Amino acid sequence: MARQLTQNKKLKCTTFLYVLLMQNMENEVVVTRKGQTTIPAKLRKKFKIEEGTRLEVVETKEGILFKPKMSTWDLAGSGAKFATPEEMKKLLDKLREEDV
């Protein structure tokens, strides 16, 4: 009985270690010959990265950081708290006149 209990503890420990290793490998990627890699699906979903999403590549002390870049569509409506569309149009027209 004691021997079986010891074997079960080893199994649990090994299983736990396997789970830890698998969790760490979830975010491990391989770089291809052309420098390409695949962002894990879980992270793509979390950060809303889909086909065509542009990423900014930033060098940091820890390594390389990929940050989703904001597109024009992401900015749509961001000025709504400052002015109405009509007021924005008038302001833009005024600024364009000043540039001429």
# chains A, B, ... in the order shown; residues from 1 in each chain; ligands from 1
call {"tool": "residues_around", "arguments": {"residues": "Lys67 in chain A", "least_positions_apart": "3", "cutoff": "7 Å", "atoms": "only C-alpha atoms", "output": "list in words"}}
result
Leu55, Glu56 and Val57 of chain A
call {"tool": "write_last_selection", "arguments": {"atoms": "N, CA and C atoms", "output": "PDB file, in the first residue's frame"}}
result
ATOM      1  N   LEU A  55       1.049  45.195 -36.968  1.00  0.00           N
ATOM      2  CA  LEU A  55       1.692  45.190 -35.657  1.00  0.00           C
ATOM      3  C   LEU A  55       2.927  46.077 -35.694  1.00  0.00           C
ATOM      4  N   GLU A  56       3.134  46.805 -34.620  1.00  0.00           N
ATOM      5  CA  GLU A  56       4.346  47.600 -34.470  1.00  0.00           C
ATOM      6  C   GLU A  56       5.362  46.712 -33.757  1.00  0.00           C
ATOM      7  N   VAL A  57       6.591  46.673 -34.257  1.00  0.00           N
ATOM      8  CA  VAL A  57       7.642  45.864 -33.647  1.00  0.00           C
ATOM      9  C   VAL A  57       8.548  46.801 -32.864  1.00  0.00           C
TER      10      VAL A  57
END
call {"tool": "residues_around", "arguments": {"residues": "Val58 in chain A", "least_positions_apart": "4", "cutoff": "12 Å", "atoms": "only C-alpha atoms", "output": "list in words"}}
result
Glu62, Gly63, Ile64, Leu65, Phe66, Lys67, Pro68 and Lys69 of chain A
call {"tool": "select_by_dssp", "arguments": {"residues": "range 10-99 of chain A", "states": "strand (DSSP E or B)", "output": "list in words"}}
result
Leu55, Glu56, Val57, Val58, Glu59, Ile64, Leu65, Phe66, Lys67 and Pro68 of chain A
call {"tool": "atom_distance", "arguments": {"atom1": "CA of Ser71 in chain A", "atom2": "CA of Arg96 in chain A"}}
result
23.1 Å
call {"tool": "atom_distance", "arguments": {"atom1": "CA of Trp73 in chain A", "atom2": "CA of Asp93 in chain A"}}
result
21.7 Å
call {"tool": "decode", "arguments": {"residues": "range 36-77 of chain A", "atoms": "N, CA and C atoms", "output": "PDB file, in the first residue's frame"}}
result
ATOM      1  N   GLN A  36       9.521  34.389 -40.243  1.00  0.00           N
ATOM      2  CA  GLN A  36       8.101  34.414 -39.910  1.00  0.00           C
ATOM      3  C   GLN A  36       7.820  33.531 -38.703  1.00  0.00           C
ATOM      4  N   THR A  37       6.754  33.852 -38.006  1.00  0.00           N
ATOM      5  CA  THR A  37       6.331  33.049 -36.868  1.00  0.00           C
ATOM      6  C   THR A  37       4.814  33.118 -36.766  1.00  0.00           C
ATOM      7  N   THR A  38       4.232  32.306 -35.918  1.00  0.00           N
ATOM      8  CA  THR A  38       2.789  32.299 -35.712  1.00  0.00           C
ATOM      9  C   THR A  38       2.498  32.710 -34.282  1.00  0.00           C
ATOM     10  N   ILE A  39       1.619  33.679 -34.125  1.00  0.00           N
ATOM     11  CA  ILE A  39       1.196  34.105 -32.792  1.00  0.00           C
ATOM     12  C   ILE A  39       0.148  33.107 -32.326  1.00  0.00           C
ATOM     13  N   PRO A  40       0.300  32.558 -31.122  1.00  0.00           N
ATOM     14  CA  PRO A  40      -0.663  31.561 -30.641  1.00  0.00           C
ATOM     15  C   PRO A  40      -2.103  32.081 -30.706  1.00  0.00           C
ATOM     16  N   ALA A  41      -3.029  31.210 -31.077  1.00  0.00           N
ATOM     17  CA  ALA A  41      -4.438  31.570 -31.263  1.00  0.00           C
ATOM     18  C   ALA A  41      -5.034  32.241 -30.032  1.00  0.00           C
ATOM     19  N   LYS A  42      -4.681  31.754 -28.856  1.00  0.00           N
ATOM     20  CA  LYS A  42      -5.209  32.313 -27.612  1.00  0.00           C
ATOM     21  C   LYS A  42      -4.840  33.803 -27.493  1.00  0.00           C
ATOM     22  N   LEU A  43      -3.610  34.149 -27.861  1.00  0.00           N
ATOM     23  CA  LEU A  43      -3.171  35.543 -27.790  1.00  0.00           C
ATOM     24  C   LEU A  43      -3.773  36.373 -28.913  1.00  0.00           C
ATOM     25  N   ARG A  44      -3.913  35.769 -30.108  1.00  0.00           N
ATOM     26  CA  ARG A  44      -4.547  36.500 -31.216  1.00  0.00           C
ATOM     27  C   ARG A  44      -5.972  36.874 -30.845  1.00  0.00           C
ATOM     28  N   LYS A  45      -6.678  35.942 -30.237  1.00  0.00           N
ATOM     29  CA  LYS A  45      -8.063  36.202 -29.836  1.00  0.00           C
ATOM     30  C   LYS A  45      -8.103  37.265 -28.734  1.00  0.00           C
ATOM     31  N   LYS A  46      -7.237  37.144 -27.745  1.00  0.00           N
ATOM     32  CA  LYS A  46      -7.218  38.075 -26.613  1.00  0.00           C
ATOM     33  C   LYS A  46      -6.953  39.507 -27.071  1.00  0.00           C
ATOM     34  N   PHE A  47      -6.025  39.678 -28.020  1.00  0.00           N
ATOM     35  CA  PHE A  47      -5.649  41.017 -28.470  1.00  0.00           C
ATOM     36  C   PHE A  47      -6.314  41.408 -29.789  1.00  0.00           C
ATOM     37  N   LYS A  48      -7.306  40.617 -30.208  1.00  0.00           N
ATOM     38  CA  LYS A  48      -8.083  40.887 -31.426  1.00  0.00           C
ATOM     39  C   LYS A  48      -7.189  41.078 -32.645  1.00  0.00           C
ATOM     40  N   ILE A  49      -6.236  40.181 -32.803  1.00  0.00           N
ATOM     41  CA  ILE A  49      -5.338  40.202 -33.960  1.00  0.00           C
ATOM     42  C   ILE A  49      -5.896  39.229 -34.983  1.00  0.00           C
ATOM     43  N   GLU A  50      -6.245  39.750 -36.153  1.00  0.00           N
ATOM     44  CA  GLU A  50      -6.770  38.902 -37.216  1.00  0.00           C
ATOM     45  C   GLU A  50      -5.934  39.117 -38.463  1.00  0.00           C
ATOM     46  N   GLU A  51      -6.250  38.366 -39.500  1.00  0.00           N
ATOM     47  CA  GLU A  51      -5.519  38.496 -40.754  1.00  0.00           C
ATOM     48  C   GLU A  51      -5.576  39.950 -41.222  1.00  0.00           C
ATOM     49  N   GLY A  52      -4.420  40.511 -41.547  1.00  0.00           N
ATOM     50  CA  GLY A  52      -4.348  41.890 -42.021  1.00  0.00           C
ATOM     51  C   GLY A  52      -4.053  42.901 -40.926  1.00  0.00           C
ATOM     52  N   THR A  53      -4.114  42.487 -39.656  1.00  0.00           N
ATOM     53  CA  THR A  53      -3.813  43.408 -38.565  1.00  0.00           C
ATOM     54  C   THR A  53      -2.346  43.824 -38.647  1.00  0.00           C
ATOM     55  N   ARG A  54      -2.089  45.114 -38.532  1.00  0.00           N
ATOM     56  CA  ARG A  54      -0.716  45.613 -38.556  1.00  0.00           C
ATOM     57  C   ARG A  54      -0.185  45.653 -37.126  1.00  0.00           C
ATOM     58  N   LEU A  55       1.049  45.195 -36.968  1.00  0.00           N
ATOM     59  CA  LEU A  55       1.692  45.190 -35.657  1.00  0.00           C
ATOM     60  C   LEU A  55       2.927  46.077 -35.694  1.00  0.00           C
ATOM     61  N   GLU A  56       3.134  46.805 -34.620  1.00  0.00           N
ATOM     62  CA  GLU A  56       4.346  47.600 -34.470  1.00  0.00           C
ATOM     63  C   GLU A  56       5.362  46.712 -33.757  1.00  0.00           C
ATOM     64  N   VAL A  57       6.591  46.673 -34.257  1.00  0.00           N
ATOM     65  CA  VAL A  57       7.642  45.864 -33.647  1.00  0.00           C
ATOM     66  C   VAL A  57       8.548  46.801 -32.864  1.00  0.00           C
ATOM     67  N   VAL A  58       8.640  46.565 -31.551  1.00  0.00           N
ATOM     68  CA  VAL A  58       9.399  47.443 -30.673  1.00  0.00           C
ATOM     69  C   VAL A  58      10.505  46.644 -29.994  1.00  0.00           C
ATOM     70  N   GLU A  59      11.717  47.177 -30.014  1.00  0.00           N
ATOM     71  CA  GLU A  59      12.841  46.553 -29.313  1.00  0.00           C
ATOM     72  C   GLU A  59      12.815  47.028 -27.872  1.00  0.00           C
ATOM     73  N   THR A  60      12.830  46.079 -26.929  1.00  0.00           N
ATOM     74  CA  THR A  60      12.838  46.418 -25.502  1.00  0.00           C
ATOM     75  C   THR A  60      14.045  45.753 -24.842  1.00  0.00           C
ATOM     76  N   LYS A  61      14.257  46.058 -23.580  1.00  0.00           N
ATOM     77  CA  LYS A  61      15.363  45.425 -22.843  1.00  0.00           C
ATOM     78  C   LYS A  61      15.153  43.919 -22.735  1.00  0.00           C
ATOM     79  N   GLU A  62      13.872  43.509 -22.631  1.00  0.00           N
ATOM     80  CA  GLU A  62      13.549  42.087 -22.468  1.00  0.00           C
ATOM     81  C   GLU A  62      13.542  41.328 -23.784  1.00  0.00           C
ATOM     82  N   GLY A  63      13.433  42.025 -24.912  1.00  0.00           N
ATOM     83  CA  GLY A  63      13.377  41.348 -26.205  1.00  0.00           C
ATOM     84  C   GLY A  63      12.569  42.135 -27.213  1.00  0.00           C
ATOM     85  N   ILE A  64      11.749  41.442 -27.973  1.00  0.00           N
ATOM     86  CA  ILE A  64      10.942  42.052 -29.019  1.00  0.00           C
ATOM     87  C   ILE A  64       9.482  42.085 -28.574  1.00  0.00           C
ATOM     88  N   LEU A  65       8.849  43.223 -28.764  1.00  0.00           N
ATOM     89  CA  LEU A  65       7.448  43.401 -28.399  1.00  0.00           C
ATOM     90  C   LEU A  65       6.642  43.696 -29.656  1.00  0.00           C
ATOM     91  N   PHE A  66       5.564  42.948 -29.878  1.00  0.00           N
ATOM     92  CA  PHE A  66       4.655  43.193 -30.997  1.00  0.00           C
ATOM     93  C   PHE A  66       3.422  43.885 -30.437  1.00  0.00           C
ATOM     94  N   LYS A  67       3.148  45.104 -30.920  1.00  0.00           N
ATOM     95  CA  LYS A  67       1.984  45.869 -30.453  1.00  0.00           C
ATOM     96  C   LYS A  67       1.046  46.111 -31.621  1.00  0.00           C
ATOM     97  N   PRO A  68      -0.247  45.790 -31.448  1.00  0.00           N
ATOM     98  CA  PRO A  68      -1.196  46.098 -32.518  1.00  0.00           C
ATOM     99  C   PRO A  68      -1.221  47.608 -32.765  1.00  0.00           C
ATOM    100  N   LYS A  69      -1.119  48.009 -34.044  1.00  0.00           N
ATOM    101  CA  LYS A  69      -1.186  49.426 -34.402  1.00  0.00           C
ATOM    102  C   LYS A  69      -2.645  49.803 -34.594  1.00  0.00           C
ATOM    103  N   MET A  70      -2.974  51.006 -34.205  1.00  0.00           N
ATOM    104  CA  MET A  70      -4.335  51.491 -34.393  1.00  0.00           C
ATOM    105  C   MET A  70      -4.519  51.892 -35.849  1.00  0.00           C
ATOM    106  N   SER A  71      -5.637  51.494 -36.413  1.00  0.00           N
ATOM    107  CA  SER A  71      -5.954  51.848 -37.795  1.00  0.00           C
ATOM    108  C   SER A  71      -6.907  53.037 -37.789  1.00  0.00           C
ATOM    109  N   THR A  72      -7.197  53.547 -38.953  1.00  0.00           N
ATOM    110  CA  THR A  72      -8.149  54.643 -39.083  1.00  0.00           C
ATOM    111  C   THR A  72      -9.513  54.218 -38.544  1.00  0.00           C
ATOM    112  N   TRP A  73      -9.864  52.956 -38.791  1.00  0.00           N
ATOM    113  CA  TRP A  73     -11.153  52.462 -38.304  1.00  0.00           C
ATOM    114  C   TRP A  73     -11.203  52.439 -36.781  1.00  0.00           C
ATOM    115  N   ASP A  74     -10.076  52.174 -36.144  1.00  0.00           N
ATOM    116  CA  ASP A  74     -10.042  52.167 -34.683  1.00  0.00           C
ATOM    117  C   ASP A  74     -10.283  53.565 -34.131  1.00  0.00           C
ATOM    118  N   LEU A  75      -9.879  54.576 -34.897  1.00  0.00           N
ATOM    119  CA  LEU A  75     -10.017  55.961 -34.446  1.00  0.00           C
ATOM    120  C   LEU A  75     -11.381  56.556 -34.767  1.00  0.00           C
ATOM    121  N   ALA A  76     -12.155  55.890 -35.603  1.00  0.00           N
ATOM    122  CA  ALA A  76     -13.461  56.417 -36.001  1.00  0.00           C
ATOM    123  C   ALA A  76     -14.324  56.679 -34.778  1.00  0.00           C
ATOM    124  N   GLY A  77     -14.824  57.883 -34.691  1.00  0.00           N
ATOM    125  CA  GLY A  77     -15.690  58.269 -33.575  1.00  0.00           C
ATOM    126  C   GLY A  77     -14.948  58.701 -32.331  1.00  0.00           C
TER     127      GLY A  77
END
